[in-house]
Each structure stands twice: as structure tokens, then as C-alpha cells.
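**Q** Okay, here's the structure, questions in a sec.
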Amino acid sequence: MGRWALDLAFVWKAVLTLGLVLLYYCFSIGITFYNKWLTKSFHFPLFMTMLHLAVIFLFSALSRALVQCSSHRARVVLSWTDYLRRVAPTALATALDVGLSNWSFLYITVSLYTMTKSSAVLFILIFSLIFKLEELRAALVLVVLLIAGGLFMFTYKSTQFNMEGFALVLGASFIGGIRWTLTQILLQKAELGLQNPIDTMFHLQPLMFLGLFPLFAIFEGLHLSTSEKIFRFQDTGLLLRVLGSLFLGGILAFGLGFSEFLLVSRTSSLTLSIAGIFKEVCTLLLAAHLLGDQISLLNWLGFALCLSGISLHVALKALHSRGDGNPRPSKGLGSHPDLELLLRSRQPEGDDREAAEEEEEEEEEEEYFVAQG
């Protein structure tokens, strides 16, 4: 009987993990192809990004309200001083990362975008060394060389290479290294209380919107105001279809962050990292099959070399976490972090249990941001 119960629990956990990975794949791969599809007919990626930010802020505020009603605990609200001094740098870097990434879809293929964005790990490592979040080791140098070499091989003599788009997405990867480094530093400031990704998204979106607005005003403002698809619209049905398509992207962007956190909270950050590696492979295969992206044998070898560097980095992180002498106890299937209160509401019993759950939630939320890097 006991063995049967263990087998059933293992199967249930495997099915749950697979379901969460597939949910993450749907949102992550979906928003990549969505952005490429939309920018073919709607040539205002910065406006698209700003509308996505507004939708994410709306859903984040709604999620905070639901969680607060379910848990009867007030959500954190930062003072203006902390908001502008500590959150603004992270928000600006995040806005530029997302904005430049979406902008690049005007010029490059999904496969080149996917490969170049994979190099973000390279810049994250570099800035982690600069900010002394990582120690310089020979293995990290090998990771950097593998990723850089793979990126060079993938772009070398590519028949669909576009320098302008490549520069945009490479700049986004570079800023992404700053972004996730600043995010980790922001996360470590426990006094701010932004360990929960929903609270972080809620506070980041307004500053991200303001950070992108000057770029939008310079590069897209005049064209958008004279375009028949938005401000000089003549067909109300066309306007509603455009706004509906843009709103769908905001839902996908919020769902991506939500699915990432659920995957980490129910499994581990290592699971998200490994799932991310296979996600890149799925994205390239789909891009070659559905969009006709041309990928040569040399490009595939470069992609494999880059993935080997990322896999080595993930393996080093796993070994480091096991060798720190304080392994984290495994979680049972009954754990329920704040975000899962949106899916099922359950009251904790007793002050000790609530304190233990709050401590576990903070650890799970910290894993979410570590997994992003």
C-alpha cells in the first residue's frame, strides 16, 4: 500500500511538472511568434510594448487585490524615495531590454532573435563578475567562450542576417545582463519586500512605461499619429482588431511571468533553466518549419555550442547549490505560495504555520529571479 502511494505521488508530480512546463512553453514560445507576426503588419513595436506594459500593470494590480482578499495580508507599497532611487534603474534597464527586443522583430528572423537572446547569459555573467555577485572561475570563462563562439558560428554567413536587427537584439541582450543583475540586487534588499514577482511587476511597469515613452515619441510618435491603423483610423472594426491583437500580447506577457513563477514554486529554478534550454530548441525548429527560417549546418553547430555553454552554466549552478552545505528541504505537493491563492484559496492554520509558509514563499520567489539569469 505504501509503495503504491509513493508511485502514485511520483506520477502525479511528474504529470504536474509536465503540465507546468507545457504552460510555460505556450506563453514563452507563443509571445515570441506573436511579436514576429504582429510586427509584420503593425510597424510600431515600441507602442506595442508600452500597451503590453499597461496590460501587465492592470493584471498585476488585479492579482494583488485578489491575493490580498484571499490571504488578508496587505501587499507592499513602496515610498516614493525608495521607488525612484532603488526601483527606477531596474525598471529602465528592463524597459530597454524588452523594447529593443520587440523592435528587432521588424528586421530579423525568429531563429536569429532566439539565438542572439540566448547570449544574454554571457552578459549576465560579465555583470555578475563586475558587481561581485559571482567569483571568477575557469569554468565561467569556458561558459563565456562557448556562448560567444556559438553566437559567432550561428551568425557567420547567415543568409537571413540583418545588421540593424542583430544590433538591436544584441543591445537588448547586453542591457538584459544589467537588468537581471540589478534585479538580483533589488531582490536582495529584503527591506523593500519585493520578493514576490507580482509585486515587482506592479512596481516596475509604470516606470518602464515612462522610460520607453521618450524613445516612442522620437521614433514612432509622429508616424503613429498619422497612421490609419491608430490615430487617423477610418475603420472602427480595423481599430478594434488592432487593439485586440495588442491586448492579447499583454495577456501573453503577463501569463509568461505567471507561468514561470508557478513552475519554479512547484518544482525548482533548475527545472525552469533546463526547460528554457529545450524551449530554445523548440523555438528554432518551429521557426524553420512554420516561418521558413533558413538555418545551415554551421548555424546549427553554433547553436549547439551555445546551448552547451548555457547547459554548463546551469550544471555549475546546480552543483554550487548542492555544495553550499545548506541544501533546501524538498517541498511537498501541498505547498501554496501567494500566487497559487489565485488558483485555490486555503487558510493557514496557526501563526507558526503561517510564518513557515511566508519564509518558504520568500525562498521560492527568490528562486524565480535567480532562474531568469
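Following the order of the C-alpha cells, first chain is A, next is B, and so on, with residues numbered from 1 inside each chain and ligands from 1 in the order they appear.
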Using only C-alpha atoms, which protein or nucleic acid residues come within 6 Å of segment 295-310 of chain A? Drop anything in the same chain fewer than 5 positions from it, and give the result as a list in words.
**A**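 Everything that qualifies: Val143, Leu146, Ile147, Gly150, Met153 and Phe154 of chain A.
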**Q** Give me a file of those residues, with all heavy atoms, as a compact mmCIF listing (two decimals), in the first residue's frame.
**A**
```txt
# COMPACT_ATOMS: atom_id res chain seq x y z
N VAL A 143 32.35 28.87 -20.08
CA VAL A 143 30.96 29.17 -20.43
C VAL A 143 30.89 30.37 -21.37
O VAL A 143 30.20 30.35 -22.39
CB VAL A 143 30.12 29.43 -19.16
CG1 VAL A 143 28.76 30.01 -19.53
CG2 VAL A 143 29.95 28.16 -18.36
N LEU A 146 32.21 29.42 -24.88
CA LEU A 146 31.27 28.56 -25.61
C LEU A 146 30.11 29.37 -26.18
O LEU A 146 29.73 29.21 -27.35
CB LEU A 146 30.76 27.45 -24.70
CG LEU A 146 31.75 26.32 -24.35
CD1 LEU A 146 31.14 25.39 -23.31
CD2 LEU A 146 32.13 25.54 -25.60
N ILE A 147 29.55 30.24 -25.35
CA ILE A 147 28.40 31.02 -25.80
C ILE A 147 28.82 32.02 -26.89
O ILE A 147 28.14 32.16 -27.92
CB ILE A 147 27.75 31.76 -24.62
CG1 ILE A 147 27.18 30.74 -23.62
CG2 ILE A 147 26.65 32.70 -25.09
CD1 ILE A 147 26.62 31.37 -22.36
N GLY A 150 29.57 30.10 -30.09
CA GLY A 150 28.34 29.64 -30.70
C GLY A 150 27.58 30.76 -31.39
O GLY A 150 27.04 30.58 -32.49
N MET A 153 29.33 31.51 -34.71
CA MET A 153 29.07 30.49 -35.73
C MET A 153 27.65 30.58 -36.26
O MET A 153 27.41 30.33 -37.44
CB MET A 153 29.33 29.09 -35.14
CG MET A 153 30.80 28.80 -34.85
SD MET A 153 31.02 27.21 -34.02
CE MET A 153 30.37 26.08 -35.25
N PHE A 154 26.70 30.93 -35.40
CA PHE A 154 25.32 30.99 -35.85
C PHE A 154 25.08 32.16 -36.80
O PHE A 154 24.26 32.07 -37.72
CB PHE A 154 24.37 31.11 -34.65
CG PHE A 154 22.93 30.90 -35.00
CD1 PHE A 154 22.39 29.62 -35.03
CD2 PHE A 154 22.11 31.98 -35.31
CE1 PHE A 154 21.07 29.42 -35.37
CE2 PHE A 154 20.78 31.79 -35.64
CZ PHE A 154 20.25 30.50 -35.67
```
**Q** So that I can see what lies close to segment 175-191 of chain A, please list as number ranges by chain the residues with an atom at most 7 Å from it, counting only C-alpha atoms and leaving out residues fewer than 5 positions away in the same chain.
**A** A: 90, 93-94, 97, 120, 123-124, 127-128, 369, 373
**Q** Deliver the residues from the most recent selection as a file, using N, CA and C atoms, as a compact mmCIF listing (two decimals), in the first residue's frame.
**A**
```txt
# COMPACT_ATOMS: atom_id res chain seq x y z
N THR A 90 16.40 49.50 -12.28
CA THR A 90 15.96 48.20 -12.78
C THR A 90 14.85 48.35 -13.81
N ALA A 93 16.31 49.59 -17.20
CA ALA A 93 17.02 48.52 -17.90
C ALA A 93 16.05 47.50 -18.47
N THR A 94 15.01 47.16 -17.70
CA THR A 94 14.01 46.20 -18.17
C THR A 94 13.24 46.74 -19.37
N ASP A 97 15.46 46.58 -22.43
CA ASP A 97 15.63 45.19 -22.84
C ASP A 97 14.42 44.71 -23.64
N ALA A 120 22.29 36.33 -23.71
CA ALA A 120 22.10 37.17 -22.53
C ALA A 120 22.82 36.59 -21.32
N PHE A 123 26.26 38.10 -20.95
CA PHE A 123 26.33 39.43 -20.35
C PHE A 123 25.95 39.39 -18.87
N ILE A 124 25.03 38.49 -18.51
CA ILE A 124 24.68 38.35 -17.10
C ILE A 124 25.90 37.92 -16.29
N PHE A 127 28.38 40.97 -15.97
CA PHE A 127 27.96 41.96 -14.99
C PHE A 127 27.91 41.38 -13.58
N SER A 128 27.65 40.08 -13.46
CA SER A 128 27.72 39.45 -12.14
C SER A 128 29.14 39.49 -11.60
N PHE A 369 13.72 34.64 -9.59
CA PHE A 369 14.60 35.63 -10.22
C PHE A 369 15.97 35.04 -10.53
N GLY A 373 18.20 34.54 -14.62
CA GLY A 373 19.58 34.78 -15.03
C GLY A 373 20.27 33.52 -15.47
```
**Q** Could you name the residues that touch Asp82 of chain A at 12 Å or less, counting only C-alpha atoms, but leaving out those on the same chain fewer than 4 positions away, as a list in words?
**A** Val77, Leu78, Arg86, Val87, Ala88, Pro89, Leu186, Lys189, Glu191, Leu192, Gly193, Leu194 and His203 of chain A
**Q** Could those residues be written to a file, using all heavy atoms, as a compact mmCIF listing (two decimals), in the first residue's frame?
**A**
```
# COMPACT_ATOMS: atom_id res chain seq x y z
N VAL A 77 3.69 48.44 -0.58
CA VAL A 77 3.64 49.65 -1.40
C VAL A 77 4.84 50.50 -1.01
O VAL A 77 4.95 50.93 0.14
CB VAL A 77 2.34 50.45 -1.20
CG1 VAL A 77 2.36 51.73 -2.03
CG2 VAL A 77 1.12 49.60 -1.56
N LEU A 78 5.75 50.74 -1.95
CA LEU A 78 6.99 51.45 -1.65
C LEU A 78 6.75 52.95 -1.54
O LEU A 78 5.84 53.51 -2.16
CB LEU A 78 8.02 51.20 -2.75
CG LEU A 78 8.52 49.76 -2.94
CD1 LEU A 78 9.58 49.72 -4.03
CD2 LEU A 78 9.07 49.20 -1.64
N ARG A 86 15.66 53.17 -5.93
CA ARG A 86 16.06 51.76 -5.96
C ARG A 86 15.39 50.96 -7.09
O ARG A 86 16.00 50.02 -7.62
CB ARG A 86 15.75 51.10 -4.62
CG ARG A 86 16.47 51.76 -3.45
CD ARG A 86 16.30 50.97 -2.18
NE ARG A 86 17.03 51.56 -1.06
CZ ARG A 86 17.15 51.02 0.15
NH1 ARG A 86 16.58 49.84 0.37
NH2 ARG A 86 17.82 51.61 1.10
N VAL A 87 14.18 51.31 -7.44
CA VAL A 87 13.46 50.55 -8.45
C VAL A 87 13.69 51.12 -9.85
O VAL A 87 13.72 50.37 -10.84
CB VAL A 87 11.95 50.51 -8.13
CG1 VAL A 87 11.18 49.76 -9.20
CG2 VAL A 87 11.71 49.87 -6.77
N ALA A 88 13.89 52.43 -9.95
CA ALA A 88 13.99 53.08 -11.26
C ALA A 88 15.10 52.52 -12.14
O ALA A 88 14.87 52.29 -13.34
CB ALA A 88 14.16 54.59 -11.08
N PRO A 89 16.33 52.28 -11.64
CA PRO A 89 17.37 51.72 -12.52
C PRO A 89 16.98 50.36 -13.11
O PRO A 89 17.20 50.12 -14.30
CB PRO A 89 18.59 51.60 -11.59
CG PRO A 89 18.36 52.62 -10.52
CD PRO A 89 16.88 52.61 -10.30
N LEU A 186 18.19 44.11 -6.36
CA LEU A 186 16.93 44.61 -5.82
C LEU A 186 16.25 43.55 -4.96
O LEU A 186 15.70 43.85 -3.91
CB LEU A 186 16.01 45.03 -6.97
CG LEU A 186 14.67 45.66 -6.60
CD1 LEU A 186 14.88 47.02 -5.94
CD2 LEU A 186 13.78 45.80 -7.83
N LYS A 189 17.51 43.18 -1.36
CA LYS A 189 17.12 44.21 -0.39
C LYS A 189 15.80 43.80 0.24
O LYS A 189 14.72 44.21 -0.19
CB LYS A 189 17.01 45.57 -1.09
CG LYS A 189 18.32 46.06 -1.71
CD LYS A 189 18.13 47.42 -2.34
CE LYS A 189 19.42 47.88 -3.03
NZ LYS A 189 20.52 48.06 -2.08
N GLU A 191 14.35 44.56 2.85
CA GLU A 191 13.52 45.57 3.48
C GLU A 191 12.50 46.18 2.52
O GLU A 191 11.51 46.77 2.94
CB GLU A 191 14.39 46.69 4.08
CG GLU A 191 15.14 47.55 3.07
CD GLU A 191 16.48 46.96 2.67
OE1 GLU A 191 16.73 45.79 3.02
OE2 GLU A 191 17.27 47.67 2.02
N LEU A 192 12.74 46.04 1.22
CA LEU A 192 11.78 46.57 0.24
C LEU A 192 10.55 45.69 0.12
O LEU A 192 9.48 46.15 -0.25
CB LEU A 192 12.45 46.71 -1.14
CG LEU A 192 13.58 47.72 -1.25
CD1 LEU A 192 14.13 47.75 -2.66
CD2 LEU A 192 13.11 49.11 -0.84
N GLY A 193 10.69 44.40 0.39
CA GLY A 193 9.55 43.49 0.34
C GLY A 193 9.06 43.17 -1.06
O GLY A 193 7.88 42.90 -1.26
N LEU A 194 9.97 43.18 -2.06
CA LEU A 194 9.58 42.92 -3.44
C LEU A 194 9.97 41.51 -3.88
O LEU A 194 10.27 41.28 -5.05
CB LEU A 194 10.22 43.95 -4.39
CG LEU A 194 9.74 45.38 -4.25
CD1 LEU A 194 10.44 46.27 -5.27
CD2 LEU A 194 8.23 45.47 -4.42
N HIS A 203 5.24 47.25 -9.44
CA HIS A 203 6.03 48.46 -9.23
C HIS A 203 6.88 48.84 -10.44
O HIS A 203 7.20 50.02 -10.62
CB HIS A 203 6.93 48.28 -8.00
CG HIS A 203 6.20 48.37 -6.69
ND1 HIS A 203 5.57 47.28 -6.11
CD2 HIS A 203 5.97 49.42 -5.85
CE1 HIS A 203 5.01 47.65 -4.98
NE2 HIS A 203 5.23 48.93 -4.79
```
**Q** Go through segment 22-88 of chain A and flag each residue having an atom no more than 7 Å from segment 210-225 of chain A; for those, report the closest pair of atoms plus their distance in Å to one decimal, using only C-alpha atoms, ordered by chain and rising number, as a tab-separated table.
**A**
```
residue	atom	partner	partner_atom	distance
A:Phe44	CA	A:Glu220	CA	6.4
A:Leu46	CA	A:Phe216	CA	5.7
A:Phe47	CA	A:Phe216	CA	6.5
```
**Q** Set the distance at 9 Å and use only C-alpha atoms: which residues neighbour segment 287-290 of chain A once local chain neighbours fewer than 3 positions away are removed? I'd like the list as number ranges by chain.
**A** A: 33, 109-111, 282-284, 293-295
**Q** Store the residues picked out above, limited to N, CA and C atoms, as a CSV table (one decimal), in the first residue's frame.
**A**
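Printed below is selection_28.csv as written:
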```
chain,number,residue,atom,x,y,z
A,33,PHE,N,6.5,34.2,-31.3
A,33,PHE,CA,5.9,34.2,-32.6
A,33,PHE,C,4.8,35.2,-32.7
A,109,THR,N,14.9,37.4,-38.2
A,109,THR,CA,14.0,36.2,-38.1
A,109,THR,C,13.9,35.8,-36.7
A,110,VAL,N,12.9,34.9,-36.4
A,110,VAL,CA,12.8,34.4,-35.1
A,110,VAL,C,14.0,33.6,-34.7
A,111,SER,N,14.6,32.8,-35.6
A,111,SER,CA,15.7,32.0,-35.3
A,111,SER,C,16.9,32.8,-34.8
A,282,CYS,N,13.0,24.1,-29.4
A,282,CYS,CA,11.6,24.0,-29.9
A,282,CYS,C,11.3,25.3,-30.8
A,283,THR,N,11.8,26.4,-30.3
A,283,THR,CA,11.5,27.7,-31.0
A,283,THR,C,12.2,27.7,-32.4
A,284,LEU,N,13.5,27.2,-32.4
A,284,LEU,CA,14.2,27.2,-33.7
A,284,LEU,C,13.6,26.2,-34.6
A,293,ASP,N,12.5,29.9,-41.8
A,293,ASP,CA,13.8,30.4,-41.5
A,293,ASP,C,14.9,29.4,-42.0
A,294,GLN,N,15.9,30.0,-42.7
A,294,GLN,CA,17.0,29.2,-43.3
A,294,GLN,C,18.1,29.0,-42.2
A,295,ILE,N,18.3,27.8,-41.8
A,295,ILE,CA,19.4,27.5,-40.8
A,295,ILE,C,20.3,26.5,-41.4
```
